[in-house]
>>> print(open('entry_32.pdb').read())   # PDB, C-alpha atoms and all ligand atoms
MODEL        1
ATOM      1  CA  MET A   1      -8.420 -24.099  73.638  1.00  0.00           C
ATOM      2  CA  ALA A   2      -8.575 -20.286  73.548  1.00  0.00           C
ATOM      3  CA  ASP A   3     -10.061 -19.710  76.960  1.00  0.00           C
ATOM      4  CA  GLU A   4      -8.472 -22.545  78.880  1.00  0.00           C
ATOM      5  CA  LEU A   5      -7.819 -21.841  82.565  1.00  0.00           C
ATOM      6  CA  VAL A   6      -4.432 -23.040  83.798  1.00  0.00           C
ATOM      7  CA  PHE A   7      -3.766 -22.713  87.517  1.00  0.00           C
ATOM      8  CA  TYR A   8      -0.131 -22.649  88.655  1.00  0.00           C
ATOM      9  CA  THR A   9       0.176 -23.478  92.304  1.00  0.00           C
ATOM     10  CA  ASN A  10       1.699 -25.394  95.143  1.00  0.00           C
ATOM     11  CA  PRO A  11      -0.693 -26.792  97.756  1.00  0.00           C
ATOM     12  CA  ARG A  12       1.459 -25.278 100.524  1.00  0.00           C
ATOM     13  CA  SER A  13       0.974 -21.721  99.360  1.00  0.00           C
ATOM     14  CA  ARG A  14      -1.373 -18.825  98.845  1.00  0.00           C
ATOM     15  CA  GLY A  15      -2.475 -20.850  95.833  1.00  0.00           C
ATOM     16  CA  ARG A  16      -5.085 -22.231  98.235  1.00  0.00           C
ATOM     17  CA  ILE A  17      -6.925 -18.917  97.963  1.00  0.00           C
ATOM     18  CA  VAL A  18      -7.205 -19.384  94.209  1.00  0.00           C
ATOM     19  CA  SER A  19      -8.184 -23.075  94.543  1.00  0.00           C
ATOM     20  CA  TRP A  20     -11.143 -21.919  96.583  1.00  0.00           C
ATOM     21  CA  MET A  21     -12.033 -19.183  94.080  1.00  0.00           C
ATOM     22  CA  LEU A  22     -11.826 -21.610  91.155  1.00  0.00           C
ATOM     23  CA  GLU A  23     -14.141 -24.010  92.945  1.00  0.00           C
ATOM     24  CA  GLU A  24     -16.591 -21.164  93.613  1.00  0.00           C
ATOM     25  CA  ILE A  25     -16.530 -20.262  89.901  1.00  0.00           C
ATOM     26  CA  GLY A  26     -17.220 -23.844  88.858  1.00  0.00           C
ATOM     27  CA  GLN A  27     -15.453 -23.708  85.466  1.00  0.00           C
ATOM     28  CA  PRO A  28     -13.080 -26.446  84.272  1.00  0.00           C
ATOM     29  CA  TYR A  29      -9.397 -25.720  84.864  1.00  0.00           C
ATOM     30  CA  ARG A  30      -6.060 -27.494  84.657  1.00  0.00           C
ATOM     31  CA  THR A  31      -3.680 -27.434  87.605  1.00  0.00           C
ATOM     32  CA  GLU A  32       0.106 -27.282  87.264  1.00  0.00           C
ATOM     33  CA  VAL A  33       2.020 -27.816  90.498  1.00  0.00           C
ATOM     34  CA  LEU A  34       5.337 -25.996  90.845  1.00  0.00           C
ATOM     35  CA  ASP A  35       7.947 -26.931  93.398  1.00  0.00           C
ATOM     36  CA  TYR A  36       9.680 -24.411  95.620  1.00  0.00           C
ATOM     37  CA  GLY A  37      13.141 -23.447  94.443  1.00  0.00           C
ATOM     38  CA  THR A  38      13.157 -25.680  91.341  1.00  0.00           C
ATOM     39  CA  THR A  39      10.332 -25.479  88.790  1.00  0.00           C
ATOM     40  CA  MET A  40       9.075 -22.256  90.412  1.00  0.00           C
ATOM     41  CA  LYS A  41      12.379 -20.587  89.487  1.00  0.00           C
ATOM     42  CA  ALA A  42      12.872 -22.291  86.102  1.00  0.00           C
ATOM     43  CA  PRO A  43      12.787 -20.174  82.907  1.00  0.00           C
ATOM     44  CA  ALA A  44       9.526 -21.766  81.727  1.00  0.00           C
ATOM     45  CA  TYR A  45       7.687 -20.556  84.823  1.00  0.00           C
ATOM     46  CA  LEU A  46       9.572 -17.246  85.120  1.00  0.00           C
ATOM     47  CA  ALA A  47       8.159 -16.458  81.681  1.00  0.00           C
ATOM     48  CA  ILE A  48       4.719 -16.675  83.312  1.00  0.00           C
ATOM     49  CA  ASN A  49       5.564 -14.978  86.595  1.00  0.00           C
ATOM     50  CA  PRO A  50       8.970 -13.264  86.750  1.00  0.00           C
ATOM     51  CA  MET A  51       8.551 -13.233  90.552  1.00  0.00           C
ATOM     52  CA  GLY A  52       8.936 -17.017  90.531  1.00  0.00           C
ATOM     53  CA  LYS A  53       6.015 -17.226  92.933  1.00  0.00           C
ATOM     54  CA  VAL A  54       2.655 -18.959  92.976  1.00  0.00           C
ATOM     55  CA  PRO A  55      -0.236 -18.616  92.442  1.00  0.00           C
ATOM     56  CA  ALA A  56      -0.600 -17.576  88.822  1.00  0.00           C
ATOM     57  CA  LEU A  57      -3.422 -18.080  86.368  1.00  0.00           C
ATOM     58  CA  ARG A  58      -3.327 -18.325  82.607  1.00  0.00           C
ATOM     59  CA  HIS A  59      -6.690 -17.592  81.033  1.00  0.00           C
ATOM     60  CA  GLY A  60      -6.472 -18.126  77.284  1.00  0.00           C
ATOM     61  CA  ASP A  61      -3.561 -15.949  76.180  1.00  0.00           C
ATOM     62  CA  MET A  62      -3.595 -13.773  79.307  1.00  0.00           C
ATOM     63  CA  VAL A  63      -1.682 -14.201  82.552  1.00  0.00           C
ATOM     64  CA  VAL A  64      -2.812 -12.904  85.939  1.00  0.00           C
ATOM     65  CA  THR A  65      -0.646 -13.090  89.045  1.00  0.00           C
ATOM     66  CA  GLU A  66      -1.357 -11.952  92.626  1.00  0.00           C
ATOM     67  CA  ALA A  67      -3.980 -13.955  94.459  1.00  0.00           C
ATOM     68  CA  ALA A  68      -6.310 -10.985  94.973  1.00  0.00           C
ATOM     69  CA  ALA A  69      -6.107  -9.970  91.304  1.00  0.00           C
ATOM     70  CA  ILE A  70      -6.794 -13.562  90.224  1.00  0.00           C
ATOM     71  CA  CYS A  71      -9.897 -13.676  92.441  1.00  0.00           C
ATOM     72  CA  ALA A  72     -11.121 -10.340  91.051  1.00  0.00           C
ATOM     73  CA  HIS A  73     -10.416 -11.419  87.465  1.00  0.00           C
ATOM     74  CA  LEU A  74     -12.278 -14.718  87.834  1.00  0.00           C
ATOM     75  CA  ALA A  75     -15.280 -13.007  89.422  1.00  0.00           C
ATOM     76  CA  ASP A  76     -15.512 -10.606  86.473  1.00  0.00           C
ATOM     77  CA  ALA A  77     -14.734 -13.177  83.790  1.00  0.00           C
ATOM     78  CA  PHE A  78     -17.515 -15.485  85.038  1.00  0.00           C
ATOM     79  CA  PRO A  79     -20.261 -13.115  86.220  1.00  0.00           C
ATOM     80  CA  GLN A  80     -22.769 -15.961  86.238  1.00  0.00           C
ATOM     81  CA  ALA A  81     -21.165 -17.155  89.492  1.00  0.00           C
ATOM     82  CA  GLY A  82     -22.344 -13.923  91.140  1.00  0.00           C
ATOM     83  CA  LEU A  83     -19.115 -13.308  93.044  1.00  0.00           C
ATOM     84  CA  ALA A  84     -18.717  -9.581  92.395  1.00  0.00           C
ATOM     85  CA  PRO A  85     -21.102  -6.641  92.306  1.00  0.00           C
ATOM     86  CA  PRO A  86     -21.161  -5.608  88.619  1.00  0.00           C
ATOM     87  CA  PRO A  87     -19.352  -2.414  87.519  1.00  0.00           C
ATOM     88  CA  GLY A  88     -21.647   0.511  88.220  1.00  0.00           C
ATOM     89  CA  ASP A  89     -23.361  -1.212  91.135  1.00  0.00           C
ATOM     90  CA  ARG A  90     -23.174   0.860  94.332  1.00  0.00           C
ATOM     91  CA  LEU A  91     -21.510  -2.087  96.082  1.00  0.00           C
ATOM     92  CA  ARG A  92     -18.621  -2.166  93.604  1.00  0.00           C
ATOM     93  CA  GLY A  93     -16.763   0.476  95.642  1.00  0.00           C
ATOM     94  CA  PRO A  94     -16.937  -1.384  98.987  1.00  0.00           C
ATOM     95  CA  TYR A  95     -16.042  -4.590  97.114  1.00  0.00           C
ATOM     96  CA  TYR A  96     -12.822  -2.989  95.808  1.00  0.00           C
ATOM     97  CA  ARG A  97     -12.225  -1.468  99.212  1.00  0.00           C
ATOM     98  CA  TRP A  98     -12.068  -4.768 101.093  1.00  0.00           C
ATOM     99  CA  LEU A  99     -10.204  -6.647  98.370  1.00  0.00           C
ATOM    100  CA  PHE A 100      -7.482  -3.973  98.266  1.00  0.00           C
ATOM    101  CA  PHE A 101      -7.472  -3.490 102.026  1.00  0.00           C
ATOM    102  CA  ALA A 102      -6.803  -7.199 102.500  1.00  0.00           C
ATOM    103  CA  ALA A 103      -4.137  -7.403  99.768  1.00  0.00           C
ATOM    104  CA  GLY A 104      -2.371  -4.229 100.928  1.00  0.00           C
ATOM    105  CA  PRO A 105      -2.617  -3.134 104.561  1.00  0.00           C
ATOM    106  CA  VAL A 106      -3.671  -6.505 106.016  1.00  0.00           C
ATOM    107  CA  GLU A 107      -1.015  -8.548 104.205  1.00  0.00           C
ATOM    108  CA  ALA A 108       1.731  -6.016 105.023  1.00  0.00           C
ATOM    109  CA  ALA A 109       0.761  -5.518 108.670  1.00  0.00           C
ATOM    110  CA  VAL A 110       0.463  -9.246 109.354  1.00  0.00           C
ATOM    111  CA  SER A 111       3.716 -10.124 107.545  1.00  0.00           C
ATOM    112  CA  ASN A 112       5.669  -7.360 109.264  1.00  0.00           C
ATOM    113  CA  LYS A 113       4.368  -8.396 112.667  1.00  0.00           C
ATOM    114  CA  ALA A 114       5.149 -12.075 112.002  1.00  0.00           C
ATOM    115  CA  PHE A 115       8.730 -11.168 111.026  1.00  0.00           C
ATOM    116  CA  GLY A 116       9.173  -8.793 113.946  1.00  0.00           C
ATOM    117  CA  PHE A 117       9.455  -5.591 111.877  1.00  0.00           C
ATOM    118  CA  VAL A 118       8.288  -2.790 114.126  1.00  0.00           C
ATOM    119  CA  VAL A 119       7.084   0.532 112.750  1.00  0.00           C
ATOM    120  CA  PRO A 120       8.123   3.338 115.118  1.00  0.00           C
ATOM    121  CA  PRO A 121       4.941   5.056 116.375  1.00  0.00           C
ATOM    122  CA  GLU A 122       6.076   8.387 114.910  1.00  0.00           C
ATOM    123  CA  ARG A 123       6.179   6.772 111.413  1.00  0.00           C
ATOM    124  CA  GLU A 124       2.641   5.293 111.532  1.00  0.00           C
ATOM    125  CA  GLY A 125       1.342   8.259 109.578  1.00  0.00           C
ATOM    126  CA  THR A 126       3.660   7.378 106.700  1.00  0.00           C
ATOM    127  CA  ILE A 127       3.361   3.608 106.457  1.00  0.00           C
ATOM    128  CA  GLY A 128       0.222   2.614 104.525  1.00  0.00           C
ATOM    129  CA  TYR A 129      -1.239   0.363 107.189  1.00  0.00           C
ATOM    130  CA  GLY A 130      -0.685   2.667 110.156  1.00  0.00           C
ATOM    131  CA  SER A 131      -0.426  -0.010 112.799  1.00  0.00           C
ATOM    132  CA  PHE A 132      -1.274  -3.684 113.200  1.00  0.00           C
ATOM    133  CA  GLU A 133      -3.842  -2.743 115.844  1.00  0.00           C
ATOM    134  CA  ARG A 134      -5.634  -0.289 113.564  1.00  0.00           C
ATOM    135  CA  VAL A 135      -5.734  -2.850 110.752  1.00  0.00           C
ATOM    136  CA  MET A 136      -7.167  -5.513 113.077  1.00  0.00           C
ATOM    137  CA  ASN A 137      -9.784  -3.108 114.438  1.00  0.00           C
ATOM    138  CA  THR A 138     -10.847  -2.019 110.960  1.00  0.00           C
ATOM    139  CA  LEU A 139     -11.149  -5.565 109.664  1.00  0.00           C
ATOM    140  CA  GLU A 140     -12.990  -6.661 112.794  1.00  0.00           C
ATOM    141  CA  GLN A 141     -15.529  -3.912 112.220  1.00  0.00           C
ATOM    142  CA  ALA A 142     -15.881  -4.937 108.556  1.00  0.00           C
ATOM    143  CA  VAL A 143     -16.669  -8.581 109.333  1.00  0.00           C
ATOM    144  CA  SER A 144     -19.011  -7.692 112.191  1.00  0.00           C
ATOM    145  CA  GLY A 145     -21.549  -5.717 110.161  1.00  0.00           C
ATOM    146  CA  GLY A 146     -23.288  -8.684 108.511  1.00  0.00           C
ATOM    147  CA  ASN A 147     -22.610 -12.160 107.217  1.00  0.00           C
ATOM    148  CA  TYR A 148     -20.272 -10.959 104.465  1.00  0.00           C
ATOM    149  CA  LEU A 149     -17.923  -8.080 103.754  1.00  0.00           C
ATOM    150  CA  VAL A 150     -20.043  -6.502 101.025  1.00  0.00           C
ATOM    151  CA  GLY A 151     -23.820  -6.183 101.202  1.00  0.00           C
ATOM    152  CA  ASP A 152     -25.617  -9.411 101.955  1.00  0.00           C
ATOM    153  CA  LYS A 153     -23.860 -11.618  99.387  1.00  0.00           C
ATOM    154  CA  PHE A 154     -20.683 -13.674  99.460  1.00  0.00           C
ATOM    155  CA  THR A 155     -18.128 -12.256  96.995  1.00  0.00           C
ATOM    156  CA  ALA A 156     -14.533 -12.709  95.863  1.00  0.00           C
ATOM    157  CA  ALA A 157     -13.635 -10.193  98.594  1.00  0.00           C
ATOM    158  CA  ASP A 158     -14.732 -12.813 101.150  1.00  0.00           C
ATOM    159  CA  VAL A 159     -12.632 -15.487  99.419  1.00  0.00           C
ATOM    160  CA  TYR A 160      -9.539 -13.307  99.550  1.00  0.00           C
ATOM    161  CA  ALA A 161      -9.919 -11.421 102.848  1.00  0.00           C
ATOM    162  CA  GLY A 162     -11.481 -14.500 104.450  1.00  0.00           C
ATOM    163  CA  SER A 163      -8.472 -16.577 103.425  1.00  0.00           C
ATOM    164  CA  GLN A 164      -6.179 -14.035 105.083  1.00  0.00           C
ATOM    165  CA  ILE A 165      -8.255 -14.376 108.247  1.00  0.00           C
ATOM    166  CA  GLY A 166      -8.372 -18.184 108.017  1.00  0.00           C
ATOM    167  CA  PHE A 167      -4.592 -18.474 107.479  1.00  0.00           C
ATOM    168  CA  GLY A 168      -4.012 -15.914 110.209  1.00  0.00           C
ATOM    169  CA  LEU A 169      -6.102 -17.785 112.758  1.00  0.00           C
ATOM    170  CA  MET A 170      -4.418 -21.074 111.825  1.00  0.00           C
ATOM    171  CA  PHE A 171      -0.849 -19.715 111.929  1.00  0.00           C
ATOM    172  CA  LYS A 172      -1.642 -17.471 114.920  1.00  0.00           C
ATOM    173  CA  THR A 173      -0.583 -14.334 113.080  1.00  0.00           C
ATOM    174  CA  PHE A 174      -4.102 -12.980 113.607  1.00  0.00           C
ATOM    175  CA  GLU A 175      -5.608 -12.210 116.976  1.00  0.00           C
ATOM    176  CA  PRO A 176      -8.307 -14.846 117.699  1.00  0.00           C
ATOM    177  CA  ARG A 177     -11.035 -12.250 118.093  1.00  0.00           C
ATOM    178  CA  PRO A 178     -14.556 -13.769 118.206  1.00  0.00           C
ATOM    179  CA  ALA A 179     -15.649 -11.689 115.186  1.00  0.00           C
ATOM    180  CA  PHE A 180     -12.861 -13.210 113.074  1.00  0.00           C
ATOM    181  CA  GLN A 181     -13.620 -16.719 114.315  1.00  0.00           C
ATOM    182  CA  HIS A 182     -17.363 -16.434 113.625  1.00  0.00           C
ATOM    183  CA  TYR A 183     -16.815 -14.941 110.188  1.00  0.00           C
ATOM    184  CA  TRP A 184     -14.286 -17.645 109.276  1.00  0.00           C
ATOM    185  CA  GLN A 185     -16.581 -20.442 110.523  1.00  0.00           C
ATOM    186  CA  ARG A 186     -19.386 -19.009 108.408  1.00  0.00           C
ATOM    187  CA  ILE A 187     -17.532 -18.653 105.125  1.00  0.00           C
ATOM    188  CA  SER A 188     -15.366 -21.770 105.399  1.00  0.00           C
ATOM    189  CA  ALA A 189     -18.561 -23.854 105.658  1.00  0.00           C
ATOM    190  CA  ARG A 190     -19.126 -23.314 101.928  1.00  0.00           C
ATOM    191  CA  PRO A 191     -19.003 -26.484  99.778  1.00  0.00           C
ATOM    192  CA  ALA A 192     -16.499 -24.863  97.373  1.00  0.00           C
ATOM    193  CA  TYR A 193     -14.076 -24.316 100.244  1.00  0.00           C
ATOM    194  CA  ALA A 194     -14.360 -28.000 101.227  1.00  0.00           C
ATOM    195  CA  ARG A 195     -13.775 -29.104  97.616  1.00  0.00           C
ATOM    196  CA  ALA A 196     -10.713 -26.870  97.267  1.00  0.00           C
ATOM    197  CA  ARG A 197      -9.310 -28.076 100.547  1.00  0.00           C
ATOM    198  CA  ALA A 198      -9.736 -31.719  99.511  1.00  0.00           C
ATOM    199  CA  LEU A 199      -7.985 -31.042  96.195  1.00  0.00           C
ATOM    200  CA  ASP A 200      -5.062 -29.318  97.935  1.00  0.00           C
ATOM    201  CA  GLU A 201      -4.765 -32.060 100.548  1.00  0.00           C
ATOM    202  CA  ALA A 202      -4.642 -34.637  97.727  1.00  0.00           C
ATOM    203  CA  LEU A 203      -1.864 -32.668  96.001  1.00  0.00           C
ATOM    204  CA  MET A 204       0.025 -32.472  99.295  1.00  0.00           C
ATOM    205  CA  ALA A 205      -0.252 -36.225  99.768  1.00  0.00           C
ATOM    206  CA  LYS A 206       1.529 -36.697  96.427  1.00  0.00           C
ATOM    207  CA  GLN A 207       4.479 -34.464  97.429  1.00  0.00           C
TER     208      GLN A 207
HETATM  209  N1  LIG B   1       1.777 -11.302  96.528  1.00  0.00           N
HETATM  210  C1  LIG B   1       1.700 -12.660  96.068  1.00  0.00           C
HETATM  211  C2  LIG B   1       2.499 -13.507  97.023  1.00  0.00           C
HETATM  212  C3  LIG B   1       2.804 -14.857  96.437  1.00  0.00           C
HETATM  213  C4  LIG B   1       3.788 -15.602  97.306  1.00  0.00           C
HETATM  214  O1  LIG B   1       4.548 -15.024  98.094  1.00  0.00           O
HETATM  215  N2  LIG B   1       3.819 -16.933  97.128  1.00  0.00           N
HETATM  216  C5  LIG B   1       4.769 -17.746  97.851  1.00  0.00           C
HETATM  217  C6  LIG B   1       4.027 -18.944  98.436  1.00  0.00           C
HETATM  218  S1  LIG B   1       2.720 -18.474  99.513  1.00  0.00           S
HETATM  219  C7  LIG B   1       5.809 -18.257  96.885  1.00  0.00           C
HETATM  220  O2  LIG B   1       5.486 -18.612  95.764  1.00  0.00           O
HETATM  221  N3  LIG B   1       7.068 -18.325  97.315  1.00  0.00           N
HETATM  222  C8  LIG B   1       8.139 -18.881  96.543  1.00  0.00           C
HETATM  223  C9  LIG B   1       9.329 -17.992  96.407  1.00  0.00           C
HETATM  224  O3  LIG B   1       9.213 -16.764  96.599  1.00  0.00           O
HETATM  225  O4  LIG B   1      10.380 -18.523  96.095  1.00  0.00           O
HETATM  226  C10 LIG B   1       0.232 -13.109  96.001  1.00  0.00           C
HETATM  227  O5  LIG B   1      -0.566 -12.614  96.791  1.00  0.00           O
HETATM  228  O6  LIG B   1      -0.117 -13.955  95.165  1.00  0.00           O
ENDMDL
END
>>> encode(input="entry_32.pdb", output="structure tokens", more="lines below")
Ligand SMILES: N[C@@H](CCC(=O)N[C@@H](CS)C(=O)NCC(=O)O)C(=O)O
Amino acid sequence: MADELVFYTNPRSRGRIVSWMLEEIGQPYRTEVLDYGTTMKAPAYLAINPMGKVPALRHGDMVVTEAAAICAHLADAFPQAGLAPPPGDRLRGPYYRWLFFAAGPVEAAVSNKAFGFVVPPEREGTIGYGSFERVMNTLEQAVSGGNYLVGDKFTAADVYAGSQIGFGLMFKTFEPRPAFQHYWQRISARPAYARARALDEALMAKQ
């Protein structure tokens, strides 16, 4: 099938972000579970993602890796789901802004803090995220303006950035600020999130 969607994942991974996005899109897809250290590093999968990491998506003859890129691709490939402002729309800029902010500065700042890497204050002007505090403050402001990150509609930016916030609150790598908690409660109440979670829990039960 030319446009088949194949989702490569492990239920204990960032693949959960893509599970949620796929459920929001509502198109049929096939899931292939990869195991850490074995099938994830086998030649067959390295041909799909040389990083040997999940998630990855095959859409027809095209491969997309990186959870944020997969979310953005799916939103554009299935515009009927209404998960991205169309190109040319004035909200397309802010949509890119929060997707990239979450995949770049947020991911880096949170990972570095979790692993104890400290950026010397005099180098904050050089490192892309500045400081963990500045990233938290900026994201807090972004989720405080309305129900969603972009305009008044839920988008793929909420799936991706919201997942970072949800994981962060769960693993305590994010500060439990009320704005993050309220935003996460709001977006994780979506039926597609519940469906994705149930699918991932079922995959975990099989492991
Ligand atoms: N930047 C990638 C990160 C993917 C990633 O690090 N995945 C982890 C699981 S959450 C993984 O596959 N680790 C296996 C390994 O590196 O061996 C994305 O956002 O999709």
>>> closest_residue(input="entry_32.pdb", among="A:Ile25, A:Ala84, A:Met51, A:Leu203", to="Pro11 of chain A", atoms="all atoms listed in the file")
A:Leu203
>>> atom_distance(input="entry_32.pdb", atom1="atom CA of Gly52 of chain A", atom2="atom C9 of ligand LIG 1 (chain B)")
6.0 Å
>>> closest_residue(input="entry_32.pdb", among="A:Val110, A:Ala56, A:Met136, A:Ala196", to="Cys71 of chain A", atoms="only C-alpha atoms")
A:Ala56
>>> closest_atom_pairs(input="entry_32.pdb", of="chain A", to="ligand LIG 1 (chain B)", cutoff="6 Å", atoms="all atoms listed in the file", output="Markdown table")
| residue | atom | partner | partner_atom | distance |
| --- | --- | --- | --- | --- |
| A:Ser13 | CA | B:LIG1 | S1 | 3.7 |
| A:Arg14 | CA | B:LIG1 | S1 | 4.2 |
| A:Tyr36 | CA | B:LIG1 | C8 | 5.8 |
| A:Gly37 | CA | B:LIG1 | O4 | 5.9 |
| A:Gly52 | CA | B:LIG1 | O4 | 5.9 |
| A:Lys53 | CA | B:LIG1 | O2 | 3.2 |
| A:Val54 | CA | B:LIG1 | O2 | 4.0 |
| A:Pro55 | CA | B:LIG1 | O6 | 5.4 |
| A:Glu66 | CA | B:LIG1 | O6 | 3.5 |
| A:Ala67 | CA | B:LIG1 | O6 | 3.9 |
>>> resolve_selection(input="entry_32.pdb", expression="the PyMOL selection byres (((chain A and resi 83) around 12) and not hetatm)", output="PDB file with C-alpha atoms, in the frame of the given file")
ATOM      1  CA  MET A  21     -12.033 -19.183  94.080  1.00  0.00           C
ATOM      2  CA  LEU A  22     -11.826 -21.610  91.155  1.00  0.00           C
ATOM      3  CA  GLU A  23     -14.141 -24.010  92.945  1.00  0.00           C
ATOM      4  CA  GLU A  24     -16.591 -21.164  93.613  1.00  0.00           C
ATOM      5  CA  ILE A  25     -16.530 -20.262  89.901  1.00  0.00           C
ATOM      6  CA  GLY A  26     -17.220 -23.844  88.858  1.00  0.00           C
ATOM      7  CA  CYS A  71      -9.897 -13.676  92.441  1.00  0.00           C
ATOM      8  CA  ALA A  72     -11.121 -10.340  91.051  1.00  0.00           C
ATOM      9  CA  HIS A  73     -10.416 -11.419  87.465  1.00  0.00           C
ATOM     10  CA  LEU A  74     -12.278 -14.718  87.834  1.00  0.00           C
ATOM     11  CA  ALA A  75     -15.280 -13.007  89.422  1.00  0.00           C
ATOM     12  CA  ASP A  76     -15.512 -10.606  86.473  1.00  0.00           C
ATOM     13  CA  ALA A  77     -14.734 -13.177  83.790  1.00  0.00           C
ATOM     14  CA  PHE A  78     -17.515 -15.485  85.038  1.00  0.00           C
ATOM     15  CA  PRO A  79     -20.261 -13.115  86.220  1.00  0.00           C
ATOM     16  CA  GLN A  80     -22.769 -15.961  86.238  1.00  0.00           C
ATOM     17  CA  ALA A  81     -21.165 -17.155  89.492  1.00  0.00           C
ATOM     18  CA  GLY A  82     -22.344 -13.923  91.140  1.00  0.00           C
ATOM     19  CA  ALA A  84     -18.717  -9.581  92.395  1.00  0.00           C
ATOM     20  CA  PRO A  85     -21.102  -6.641  92.306  1.00  0.00           C
ATOM     21  CA  PRO A  86     -21.161  -5.608  88.619  1.00  0.00           C
ATOM     22  CA  LEU A  91     -21.510  -2.087  96.082  1.00  0.00           C
ATOM     23  CA  ARG A  92     -18.621  -2.166  93.604  1.00  0.00           C
ATOM     24  CA  TYR A  95     -16.042  -4.590  97.114  1.00  0.00           C
ATOM     25  CA  TYR A 148     -20.272 -10.959 104.465  1.00  0.00           C
ATOM     26  CA  LEU A 149     -17.923  -8.080 103.754  1.00  0.00           C
ATOM     27  CA  VAL A 150     -20.043  -6.502 101.025  1.00  0.00           C
ATOM     28  CA  GLY A 151     -23.820  -6.183 101.202  1.00  0.00           C
ATOM     29  CA  ASP A 152     -25.617  -9.411 101.955  1.00  0.00           C
ATOM     30  CA  LYS A 153     -23.860 -11.618  99.387  1.00  0.00           C
ATOM     31  CA  PHE A 154     -20.683 -13.674  99.460  1.00  0.00           C
ATOM     32  CA  THR A 155     -18.128 -12.256  96.995  1.00  0.00           C
ATOM     33  CA  ALA A 156     -14.533 -12.709  95.863  1.00  0.00           C
ATOM     34  CA  ALA A 157     -13.635 -10.193  98.594  1.00  0.00           C
ATOM     35  CA  ASP A 158     -14.732 -12.813 101.150  1.00  0.00           C
ATOM     36  CA  VAL A 159     -12.632 -15.487  99.419  1.00  0.00           C
ATOM     37  CA  TYR A 160      -9.539 -13.307  99.550  1.00  0.00           C
TER      38      TYR A 160
END
>>> atom_distance(input="entry_32.pdb", atom1="atom CA of Asp200 of chain A", atom2="atom CA of Glu107 of chain A")
22.1 Å
>>> residues_around(input="entry_32.pdb", residues="segment 168-177 of chain A", least_positions_apart="4", cutoff="12 Å", atoms="only C-alpha atoms", output="PyMOL selection string")
chain A and resi 102+106-116+132-133+135-137+139-141+143-144+161-164+181-185
>>> decode(input="entry_32.pdb", residues="segment 189-199 of chain A", atoms="N, CA, C and O atoms", output="mmCIF file, in the first residue's frame")
data_model
loop_
_atom_site.group_PDB
_atom_site.id
_atom_site.type_symbol
_atom_site.label_atom_id
_atom_site.label_comp_id
_atom_site.auth_asym_id
_atom_site.auth_seq_id
_atom_site.Cartn_x
_atom_site.Cartn_y
_atom_site.Cartn_z
ATOM 1 N N ALA A 189 -6.808 15.485 28.798
ATOM 2 C CA ALA A 189 -8.196 14.998 28.914
ATOM 3 C C ALA A 189 -8.762 14.622 27.544
ATOM 4 O O ALA A 189 -9.894 14.137 27.446
ATOM 5 N N ARG A 190 -7.998 14.813 26.491
ATOM 6 C CA ARG A 190 -8.506 14.521 25.147
ATOM 7 C C ARG A 190 -8.655 13.005 24.935
ATOM 8 O O ARG A 190 -7.786 12.220 25.335
ATOM 9 N N PRO A 191 -9.734 12.590 24.271
ATOM 10 C CA PRO A 191 -9.949 11.149 24.035
ATOM 11 C C PRO A 191 -8.777 10.487 23.304
ATOM 12 O O PRO A 191 -8.433 9.334 23.595
ATOM 13 N N ALA A 192 -8.134 11.195 22.374
ATOM 14 C CA ALA A 192 -7.021 10.588 21.629
ATOM 15 C C ALA A 192 -5.856 10.282 22.567
ATOM 16 O O ALA A 192 -5.146 9.288 22.370
ATOM 17 N N TYR A 193 -5.655 11.114 23.558
ATOM 18 C CA TYR A 193 -4.576 10.846 24.522
ATOM 19 C C TYR A 193 -4.904 9.567 25.304
ATOM 20 O O TYR A 193 -4.029 8.712 25.506
ATOM 21 N N ALA A 194 -6.154 9.425 25.713
ATOM 22 C CA ALA A 194 -6.562 8.227 26.474
ATOM 23 C C ALA A 194 -6.411 6.974 25.617
ATOM 24 O O ALA A 194 -5.933 5.930 26.094
ATOM 25 N N ARG A 195 -6.774 7.065 24.341
ATOM 26 C CA ARG A 195 -6.642 5.897 23.447
ATOM 27 C C ARG A 195 -5.174 5.514 23.291
ATOM 28 O O ARG A 195 -4.808 4.339 23.371
ATOM 29 N N ALA A 196 -4.326 6.522 23.076
ATOM 30 C CA ALA A 196 -2.892 6.242 22.890
ATOM 31 C C ALA A 196 -2.310 5.624 24.145
ATOM 32 O O ALA A 196 -1.524 4.672 24.091
ATOM 33 N N ARG A 197 -2.699 6.153 25.267
ATOM 34 C CA ARG A 197 -2.172 5.640 26.536
ATOM 35 C C ARG A 197 -2.566 4.172 26.725
ATOM 36 O O ARG A 197 -1.752 3.335 27.109
ATOM 37 N N ALA A 198 -3.829 3.867 26.402
ATOM 38 C CA ALA A 198 -4.301 2.479 26.543
ATOM 39 C C ALA A 198 -3.521 1.555 25.610
ATOM 40 O O ALA A 198 -3.138 0.437 25.992
ATOM 41 N N LEU A 199 -3.266 2.017 24.389
ATOM 42 C CA LEU A 199 -2.502 1.189 23.442
ATOM 43 C C LEU A 199 -1.086 0.951 23.961
ATOM 44 O O LEU A 199 -0.573 -0.175 23.904
#
